[in-house]
Amino acid sequence: MVLFNARIEVRFKLGVLDPQGETIKNALLNLGFLGIKSINTGKTFRVNIEAETVEKARQVANDLADRLLANPVIEDFQVEISQ
Amino acid sequence: MKFGVAIFPGSNCDFDSYYAIKATGLGEVRYLWHGDSTVDDCDIIILPGGFSYGDYLRSGAIARFSPIMKSIIEFVREGGPVMGICNGFQILLEAGLLPGAIRKNSGMRFVCKDVYLKVENRATKFTHKCPENKTLRLPIAHAEGNYFADRKTLDFLHAENRIAFRYCDKQGNVSDEANPNGALENIAGIVNEQGNVLGMMPHPERACEMLLGSSDGRYIFESLVEKGN
């Protein structure tokens with residue numbers, strides 16, 4: 001068994017209004033950060049997974065992101081695995 | 001009729017629901033603990049408002065995996081009526097018992113006030129006692145009530161007449177001004193395909209006595225216990 005680090009990023013799907021992102025964008029424009037066109041907020045999870053191979057670890061990470069960490073109606077996720 | 005009110009860690013409208021049923025005298029009522037794995041002899045289940053599991057991850061995301069939800073999903077499959085109020089609505093969406101999702105309010109604030117609702121479908125088992133041409137006055141209290149569904153989902157909600165309530169003004173005009181949270185098409189409540197599951201953001205259980213400012217919530221509880229057409 002090897003310990004893998006999974007970095008799972010969950011973000012709103014493009015086209016789904018992100019009120020938090022909009023509010024932060026407006027604050028940045030007020031602070032004088034010109035040229036900010038859009039902000040998409042999200043969450044990052046770091047999960048340590050013990051598995052036999054990197055493929056198996058990736059499978060577990062994808063599965064748990066799909067079942068719990070992300071809501072597929074409004075969110076997408078990306079998984080990166082490192083050792 | 002026996003109501004079952006589910007309690008999750010962080011539910012806070014469980015007693016309001018329990019009290020509303022007692023106060024209206026519409027039936028018996030008991031609690032269902034989140035760790036239970038049966039709904040026993042309950043005829044109607046209420047998923048109350050609150051902040052189940054601290055709203056961690058997303059509202060309702062963790063509650064949907066609690067043992068009681070397994071038996072509630074089974075209960076729904078057998079045609080049993082289930083009403084999710086506020087956080088209960090969020091749990092029903094996360095569990096896939098209703099389509100769509102809830103986002104943070106467009107104004108980024110917790111909104112706590114009375115709103116008016118237009119009853120869009122008076123033929124459901126949750127709304128058939130609502131008087132014609134009357135708006136319902138019910139309180140809302142949420143930071144995440146901004147209903148979202150993709151175009152395809154909205155299309156079938158329309159086609160199957162599954163939008164139960166929309167936010168409106170006192171006269172029943174559905175407008176942006178009357179939308180408290182940015183919900184798509186002012187949607188405040190929807191039913192499932194079989195018509196035995198209702199999810200709604202406003203709180204009918206907090207409006208069952210005039211002493212509390214409105215008794216319009218009674219229409220929903222009365223619809224549940226009295227047979228429709």
# chains A, B, ... in the order shown; residues from 1 in each chain; ligands from 1
>>> interface_residues(of="chain A", to="chain B", cutoff="7 Å", atoms="only C-alpha atoms", output="VMD selection string")
chain A and resid 19 to 20 68 to 69 73 to 74
>>> residues_around(residues="region 72-74 of chain B", least_positions_apart="4", cutoff="9 Å", atoms="only C-alpha atoms", output="ChimeraX atom specification")
/B:37-39,45,68,78-80,82,95,97
>>> write_last_selection(atoms="all heavy atoms", output="mmCIF file, in the first residue's frame")
data_model
loop_
_atom_site.group_PDB
_atom_site.id
_atom_site.type_symbol
_atom_site.label_atom_id
_atom_site.label_comp_id
_atom_site.auth_asym_id
_atom_site.auth_seq_id
_atom_site.Cartn_x
_atom_site.Cartn_y
_atom_site.Cartn_z
ATOM 1 N N SER B 37 -33.438 3.697 11.610
ATOM 2 C CA SER B 37 -33.463 3.189 10.235
ATOM 3 C C SER B 37 -34.873 2.755 9.837
ATOM 4 O O SER B 37 -35.042 1.949 8.936
ATOM 5 C CB SER B 37 -32.457 2.057 10.061
ATOM 6 O OG SER B 37 -32.622 1.150 11.119
ATOM 7 N N THR B 38 -35.882 3.330 10.489
ATOM 8 C CA THR B 38 -37.255 3.042 10.093
ATOM 9 C C THR B 38 -38.139 4.260 10.361
ATOM 10 O O THR B 38 -37.882 5.030 11.287
ATOM 11 C CB THR B 38 -37.810 1.821 10.852
ATOM 12 O OG1 THR B 38 -39.231 1.769 10.639
ATOM 13 C CG2 THR B 38 -37.550 1.912 12.346
ATOM 14 N N VAL B 39 -39.159 4.411 9.512
ATOM 15 C CA VAL B 39 -40.114 5.503 9.744
ATOM 16 C C VAL B 39 -41.351 4.956 10.477
ATOM 17 O O VAL B 39 -42.334 5.661 10.673
ATOM 18 C CB VAL B 39 -40.544 6.209 8.431
ATOM 19 C CG1 VAL B 39 -39.347 6.828 7.760
ATOM 20 C CG2 VAL B 39 -41.251 5.248 7.483
ATOM 21 N N ILE B 45 -44.157 12.347 6.406
ATOM 22 C CA ILE B 45 -42.854 12.701 6.988
ATOM 23 C C ILE B 45 -42.544 14.168 6.701
ATOM 24 O O ILE B 45 -42.729 14.644 5.575
ATOM 25 C CB ILE B 45 -41.711 11.859 6.375
ATOM 26 C CG1 ILE B 45 -42.022 10.364 6.424
ATOM 27 C CG2 ILE B 45 -40.381 12.177 7.052
ATOM 28 C CD1 ILE B 45 -41.934 9.709 7.743
ATOM 29 N N ILE B 68 -31.719 7.487 8.602
ATOM 30 C CA ILE B 68 -33.160 7.721 8.451
ATOM 31 C C ILE B 68 -33.519 8.041 6.998
ATOM 32 O O ILE B 68 -34.610 7.717 6.524
ATOM 33 C CB ILE B 68 -33.668 8.845 9.410
ATOM 34 C CG1 ILE B 68 -35.196 8.866 9.484
ATOM 35 C CG2 ILE B 68 -33.177 10.215 8.991
ATOM 36 C CD1 ILE B 68 -35.832 7.696 10.143
ATOM 37 N N GLU B 78 -42.556 4.086 -2.064
ATOM 38 C CA GLU B 78 -43.842 3.411 -1.854
ATOM 39 C C GLU B 78 -45.016 4.383 -1.933
ATOM 40 O O GLU B 78 -46.158 4.002 -1.670
ATOM 41 C CB GLU B 78 -43.840 2.702 -0.493
ATOM 42 C CG GLU B 78 -42.928 1.481 -0.475
ATOM 43 C CD GLU B 78 -42.615 0.985 0.933
ATOM 44 O OE1 GLU B 78 -43.202 1.528 1.895
ATOM 45 O OE2 GLU B 78 -41.785 0.076 1.049
ATOM 46 N N GLY B 79 -44.723 5.657 -2.237
ATOM 47 C CA GLY B 79 -45.793 6.636 -2.433
ATOM 48 C C GLY B 79 -46.115 7.475 -1.204
ATOM 49 O O GLY B 79 -47.056 8.266 -1.225
ATOM 50 N N GLY B 80 -45.350 7.308 -0.127
ATOM 51 C CA GLY B 80 -45.600 8.074 1.097
ATOM 52 C C GLY B 80 -45.310 9.548 0.898
ATOM 53 O O GLY B 80 -44.364 9.913 0.202
ATOM 54 N N VAL B 82 -43.930 13.209 1.655
ATOM 55 C CA VAL B 82 -42.814 13.808 2.384
ATOM 56 C C VAL B 82 -42.754 15.292 2.048
ATOM 57 O O VAL B 82 -42.836 15.671 0.883
ATOM 58 C CB VAL B 82 -41.466 13.149 2.015
ATOM 59 C CG1 VAL B 82 -40.301 13.881 2.664
ATOM 60 C CG2 VAL B 82 -41.454 11.676 2.422
ATOM 61 N N ALA B 95 -30.575 14.637 -1.995
ATOM 62 C CA ALA B 95 -30.864 13.202 -2.065
ATOM 63 C C ALA B 95 -31.380 12.792 -3.442
ATOM 64 O O ALA B 95 -31.584 11.616 -3.702
ATOM 65 C CB ALA B 95 -31.882 12.831 -0.993
ATOM 66 N N LEU B 97 -34.304 13.420 -4.566
ATOM 67 C CA LEU B 97 -35.755 13.174 -4.541
ATOM 68 C C LEU B 97 -36.502 14.309 -5.243
ATOM 69 O O LEU B 97 -37.671 14.161 -5.597
ATOM 70 C CB LEU B 97 -36.253 13.006 -3.102
ATOM 71 C CG LEU B 97 -35.761 11.728 -2.394
ATOM 72 C CD1 LEU B 97 -36.143 11.731 -0.920
ATOM 73 C CD2 LEU B 97 -36.310 10.479 -3.080
#
>>> select_by_dssp(residues="chain A", states="strand (DSSP E)", output="VMD selection string")
chain A and resid 2 to 12 42 to 51 75 to 82
>>> residues_around(residues="region 156-171 of chain B", least_positions_apart="2", cutoff="8 Å", atoms="only C-alpha atoms", output="ChimeraX atom specification")
/B:115-122,124,127,135,152-154,173-175,178-180,185-193,200
>>> select_by_dssp(residues="region 44-180 of chain B", states="helix (DSSP H, G or I)", output="MDAnalysis selection string")
chainID B and resid 52:55 63:65 67:77 87:94 151:159
>>> closest_residue(among="A:Val47, A:Val16, A:Ile39, A:Val54", to="Arg151 (chain B)", atoms="only C-alpha atoms")
A:Val16
>>> residues_around(residues="Glu75 (chain A)", least_positions_apart="3", cutoff="7 Å", atoms="only C-alpha atoms", output="list of chain:residue names")
A:Val10, A:Arg11, A:Phe12, A:Lys13, A:Ala70, A:Asn71, A:Pro72
>>> closest_residue(among="B:Ser223, B:Ser71, B:Gly145, B:Cys208", to="Ala23 (chain B)", atoms="only C-alpha atoms")
B:Cys208
>>> residues_around(residues="region 12-22 of chain B", least_positions_apart="4", cutoff="6 Å", atoms="only C-alpha atoms", output="tab-separated table (two decimals) with all heavy atoms, in the first residue's frame")
chain	number	residue	atom	x	y	z
B	26	LEU	N	-54.30	18.48	13.79
B	26	LEU	CA	-54.54	17.76	12.53
B	26	LEU	C	-54.13	16.29	12.58
B	26	LEU	O	-54.42	15.54	11.66
B	26	LEU	CB	-53.82	18.46	11.38
B	26	LEU	CG	-54.46	19.79	10.97
B	26	LEU	CD1	-53.56	20.54	10.00
B	26	LEU	CD2	-55.82	19.57	10.34
B	48	PRO	N	-37.55	18.95	8.64
B	48	PRO	CA	-37.67	20.33	9.10
B	48	PRO	C	-36.49	21.21	8.70
B	48	PRO	O	-35.48	20.73	8.18
B	48	PRO	CB	-37.71	20.16	10.62
B	48	PRO	CG	-36.86	18.97	10.88
B	48	PRO	CD	-37.03	18.04	9.69
B	49	GLY	N	-36.63	22.49	8.98
B	49	GLY	CA	-35.57	23.44	8.69
B	49	GLY	C	-34.47	23.38	9.73
B	49	GLY	O	-34.57	22.71	10.74
B	50	GLY	N	-33.40	24.10	9.44
B	50	GLY	CA	-32.27	24.14	10.36
B	50	GLY	C	-30.97	24.14	9.60
B	50	GLY	O	-30.90	24.57	8.44
B	205	GLU	N	-44.94	25.89	8.87
B	205	GLU	CA	-45.13	25.49	10.27
B	205	GLU	C	-45.01	26.68	11.22
B	205	GLU	O	-45.42	26.60	12.37
B	205	GLU	CB	-44.13	24.38	10.64
B	205	GLU	CG	-42.72	24.81	11.02
B	205	GLU	CD	-41.85	25.26	9.85
B	205	GLU	OE1	-42.38	25.49	8.74
B	205	GLU	OE2	-40.62	25.42	10.06
>>> decode(residues="region 31-75 of chain B", atoms="N, CA and C atoms", output="PDB file, in the first residue's frame")
ATOM      1  N   TYR B  31     -41.277  12.194  16.732  1.00  0.00           N
ATOM      2  CA  TYR B  31     -39.989  12.502  16.124  1.00  0.00           C
ATOM      3  C   TYR B  31     -39.350  11.247  15.529  1.00  0.00           C
ATOM      4  N   LEU B  32     -38.555  11.462  14.507  1.00  0.00           N
ATOM      5  CA  LEU B  32     -37.739  10.387  13.935  1.00  0.00           C
ATOM      6  C   LEU B  32     -36.278  10.824  14.043  1.00  0.00           C
ATOM      7  N   TRP B  33     -35.483  10.043  14.728  1.00  0.00           N
ATOM      8  CA  TRP B  33     -34.072  10.389  14.943  1.00  0.00           C
ATOM      9  C   TRP B  33     -33.253  10.044  13.702  1.00  0.00           C
ATOM     10  N   HIS B  34     -32.267  10.886  13.391  1.00  0.00           N
ATOM     11  CA  HIS B  34     -31.484  10.672  12.157  1.00  0.00           C
ATOM     12  C   HIS B  34     -30.793   9.320  12.123  1.00  0.00           C
ATOM     13  N   GLY B  35     -30.519   8.770  13.325  1.00  0.00           N
ATOM     14  CA  GLY B  35     -29.830   7.482  13.388  1.00  0.00           C
ATOM     15  C   GLY B  35     -30.778   6.297  13.272  1.00  0.00           C
ATOM     16  N   ASP B  36     -32.083   6.562  13.323  1.00  0.00           N
ATOM     17  CA  ASP B  36     -33.058   5.471  13.181  1.00  0.00           C
ATOM     18  C   ASP B  36     -33.034   4.952  11.750  1.00  0.00           C
ATOM     19  N   SER B  37     -33.438   3.697  11.610  1.00  0.00           N
ATOM     20  CA  SER B  37     -33.463   3.189  10.235  1.00  0.00           C
ATOM     21  C   SER B  37     -34.873   2.755   9.837  1.00  0.00           C
ATOM     22  N   THR B  38     -35.882   3.330  10.489  1.00  0.00           N
ATOM     23  CA  THR B  38     -37.255   3.042  10.093  1.00  0.00           C
ATOM     24  C   THR B  38     -38.139   4.260  10.361  1.00  0.00           C
ATOM     25  N   VAL B  39     -39.159   4.411   9.512  1.00  0.00           N
ATOM     26  CA  VAL B  39     -40.114   5.503   9.744  1.00  0.00           C
ATOM     27  C   VAL B  39     -41.351   4.956  10.477  1.00  0.00           C
ATOM     28  N   ASP B  40     -41.257   3.689  10.873  1.00  0.00           N
ATOM     29  CA  ASP B  40     -42.309   3.044  11.672  1.00  0.00           C
ATOM     30  C   ASP B  40     -43.702   3.212  11.069  1.00  0.00           C
ATOM     31  N   ASP B  41     -44.624   3.710  11.913  1.00  0.00           N
ATOM     32  CA  ASP B  41     -46.030   3.769  11.494  1.00  0.00           C
ATOM     33  C   ASP B  41     -46.422   5.160  10.999  1.00  0.00           C
ATOM     34  N   CYS B  42     -45.435   5.990  10.638  1.00  0.00           N
ATOM     35  CA  CYS B  42     -45.764   7.355  10.216  1.00  0.00           C
ATOM     36  C   CYS B  42     -46.425   7.352   8.835  1.00  0.00           C
ATOM     37  N   ASP B  43     -47.418   8.234   8.670  1.00  0.00           N
ATOM     38  CA  ASP B  43     -48.128   8.347   7.394  1.00  0.00           C
ATOM     39  C   ASP B  43     -47.572   9.483   6.557  1.00  0.00           C
ATOM     40  N   ILE B  44     -47.018  10.502   7.227  1.00  0.00           N
ATOM     41  CA  ILE B  44     -46.501  11.688   6.543  1.00  0.00           C
ATOM     42  C   ILE B  44     -45.172  12.042   7.220  1.00  0.00           C
ATOM     43  N   ILE B  45     -44.157  12.347   6.406  1.00  0.00           N
ATOM     44  CA  ILE B  45     -42.854  12.701   6.988  1.00  0.00           C
ATOM     45  C   ILE B  45     -42.544  14.168   6.701  1.00  0.00           C
ATOM     46  N   ILE B  46     -42.047  14.846   7.726  1.00  0.00           N
ATOM     47  CA  ILE B  46     -41.591  16.225   7.548  1.00  0.00           C
ATOM     48  C   ILE B  46     -40.093  16.290   7.804  1.00  0.00           C
ATOM     49  N   LEU B  47     -39.365  16.861   6.825  1.00  0.00           N
ATOM     50  CA  LEU B  47     -37.944  17.151   7.044  1.00  0.00           C
ATOM     51  C   LEU B  47     -37.891  18.636   7.401  1.00  0.00           C
ATOM     52  N   PRO B  48     -37.546  18.946   8.636  1.00  0.00           N
ATOM     53  CA  PRO B  48     -37.668  20.328   9.103  1.00  0.00           C
ATOM     54  C   PRO B  48     -36.486  21.210   8.695  1.00  0.00           C
ATOM     55  N   GLY B  49     -36.632  22.488   8.979  1.00  0.00           N
ATOM     56  CA  GLY B  49     -35.571  23.439   8.690  1.00  0.00           C
ATOM     57  C   GLY B  49     -34.467  23.382   9.728  1.00  0.00           C
ATOM     58  N   GLY B  50     -33.405  24.098   9.441  1.00  0.00           N
ATOM     59  CA  GLY B  50     -32.272  24.143  10.365  1.00  0.00           C
ATOM     60  C   GLY B  50     -30.967  24.136   9.598  1.00  0.00           C
ATOM     61  N   PHE B  51     -29.951  23.627  10.252  1.00  0.00           N
ATOM     62  CA  PHE B  51     -28.607  23.606   9.664  1.00  0.00           C
ATOM     63  C   PHE B  51     -28.021  22.215   9.885  1.00  0.00           C
ATOM     64  N   SER B  52     -28.642  21.212   9.257  1.00  0.00           N
ATOM     65  CA  SER B  52     -28.215  19.845   9.517  1.00  0.00           C
ATOM     66  C   SER B  52     -26.720  19.700   9.251  1.00  0.00           C
ATOM     67  N   TYR B  53     -26.051  19.036  10.175  1.00  0.00           N
ATOM     68  CA  TYR B  53     -24.594  18.827  10.097  1.00  0.00           C
ATOM     69  C   TYR B  53     -23.861  20.144   9.847  1.00  0.00           C
ATOM     70  N   GLY B  54     -24.373  21.221  10.472  1.00  0.00           N
ATOM     71  CA  GLY B  54     -23.691  22.512  10.391  1.00  0.00           C
ATOM     72  C   GLY B  54     -23.646  23.098   8.990  1.00  0.00           C
ATOM     73  N   ASP B  55     -24.457  22.574   8.064  1.00  0.00           N
ATOM     74  CA  ASP B  55     -24.391  23.018   6.671  1.00  0.00           C
ATOM     75  C   ASP B  55     -22.998  22.792   6.081  1.00  0.00           C
ATOM     76  N   TYR B  56     -22.208  21.926   6.685  1.00  0.00           N
ATOM     77  CA  TYR B  56     -20.860  21.678   6.179  1.00  0.00           C
ATOM     78  C   TYR B  56     -20.940  21.146   4.751  1.00  0.00           C
ATOM     79  N   LEU B  57     -19.980  21.514   3.949  1.00  0.00           N
ATOM     80  CA  LEU B  57     -19.866  21.100   2.546  1.00  0.00           C
ATOM     81  C   LEU B  57     -20.918  21.829   1.707  1.00  0.00           C
ATOM     82  N   ARG B  58     -22.163  21.466   1.818  1.00  0.00           N
ATOM     83  CA  ARG B  58     -23.292  22.183   1.204  1.00  0.00           C
ATOM     84  C   ARG B  58     -24.485  21.867   2.081  1.00  0.00           C
ATOM     85  N   SER B  59     -25.485  22.757   2.080  1.00  0.00           N
ATOM     86  CA  SER B  59     -26.674  22.508   2.884  1.00  0.00           C
ATOM     87  C   SER B  59     -27.310  21.178   2.481  1.00  0.00           C
ATOM     88  N   GLY B  60     -27.494  20.317   3.445  1.00  0.00           N
ATOM     89  CA  GLY B  60     -28.197  19.055   3.185  1.00  0.00           C
ATOM     90  C   GLY B  60     -27.332  17.934   2.633  1.00  0.00           C
ATOM     91  N   ALA B  61     -26.074  18.256   2.281  1.00  0.00           N
ATOM     92  CA  ALA B  61     -25.232  17.271   1.577  1.00  0.00           C
ATOM     93  C   ALA B  61     -24.903  16.059   2.447  1.00  0.00           C
ATOM     94  N   ILE B  62     -24.755  16.288   3.738  1.00  0.00           N
ATOM     95  CA  ILE B  62     -24.340  15.187   4.612  1.00  0.00           C
ATOM     96  C   ILE B  62     -25.565  14.485   5.199  1.00  0.00           C
ATOM     97  N   ALA B  63     -26.613  15.258   5.485  1.00  0.00           N
ATOM     98  CA  ALA B  63     -27.838  14.678   6.053  1.00  0.00           C
ATOM     99  C   ALA B  63     -28.425  13.605   5.136  1.00  0.00           C
ATOM    100  N   ARG B  64     -28.248  13.786   3.848  1.00  0.00           N
ATOM    101  CA  ARG B  64     -28.871  12.838   2.911  1.00  0.00           C
ATOM    102  C   ARG B  64     -28.328  11.423   3.077  1.00  0.00           C
ATOM    103  N   PHE B  65     -27.145  11.281   3.686  1.00  0.00           N
ATOM    104  CA  PHE B  65     -26.561   9.950   3.866  1.00  0.00           C
ATOM    105  C   PHE B  65     -26.847   9.360   5.244  1.00  0.00           C
ATOM    106  N   SER B  66     -27.653  10.045   6.065  1.00  0.00           N
ATOM    107  CA  SER B  66     -27.934   9.516   7.406  1.00  0.00           C
ATOM    108  C   SER B  66     -28.891   8.330   7.289  1.00  0.00           C
ATOM    109  N   PRO B  67     -28.846   7.416   8.287  1.00  0.00           N
ATOM    110  CA  PRO B  67     -29.659   6.196   8.198  1.00  0.00           C
ATOM    111  C   PRO B  67     -31.147   6.468   7.960  1.00  0.00           C
ATOM    112  N   ILE B  68     -31.719   7.487   8.602  1.00  0.00           N
ATOM    113  CA  ILE B  68     -33.160   7.721   8.451  1.00  0.00           C
ATOM    114  C   ILE B  68     -33.519   8.041   6.998  1.00  0.00           C
ATOM    115  N   MET B  69     -32.568   8.675   6.259  1.00  0.00           N
ATOM    116  CA  MET B  69     -32.874   9.054   4.880  1.00  0.00           C
ATOM    117  C   MET B  69     -33.062   7.835   3.985  1.00  0.00           C
ATOM    118  N   LYS B  70     -32.372   6.740   4.319  1.00  0.00           N
ATOM    119  CA  LYS B  70     -32.552   5.515   3.534  1.00  0.00           C
ATOM    120  C   LYS B  70     -34.000   5.062   3.617  1.00  0.00           C
ATOM    121  N   SER B  71     -34.544   5.077   4.846  1.00  0.00           N
ATOM    122  CA  SER B  71     -35.926   4.605   4.987  1.00  0.00           C
ATOM    123  C   SER B  71     -36.910   5.635   4.449  1.00  0.00           C
ATOM    124  N   ILE B  72     -36.522   6.921   4.471  1.00  0.00           N
ATOM    125  CA  ILE B  72     -37.411   7.943   3.902  1.00  0.00           C
ATOM    126  C   ILE B  72     -37.455   7.804   2.371  1.00  0.00           C
ATOM    127  N   ILE B  73     -36.306   7.495   1.769  1.00  0.00           N
ATOM    128  CA  ILE B  73     -36.278   7.293   0.316  1.00  0.00           C
ATOM    129  C   ILE B  73     -37.158   6.091  -0.051  1.00  0.00           C
ATOM    130  N   GLU B  74     -37.085   5.063   0.765  1.00  0.00           N
ATOM    131  CA  GLU B  74     -37.932   3.869   0.569  1.00  0.00           C
ATOM    132  C   GLU B  74     -39.411   4.241   0.709  1.00  0.00           C
ATOM    133  N   PHE B  75     -39.707   5.041   1.732  1.00  0.00           N
ATOM    134  CA  PHE B  75     -41.074   5.519   2.001  1.00  0.00           C
ATOM    135  C   PHE B  75     -41.615   6.302   0.799  1.00  0.00           C
TER     136      PHE B  75
END
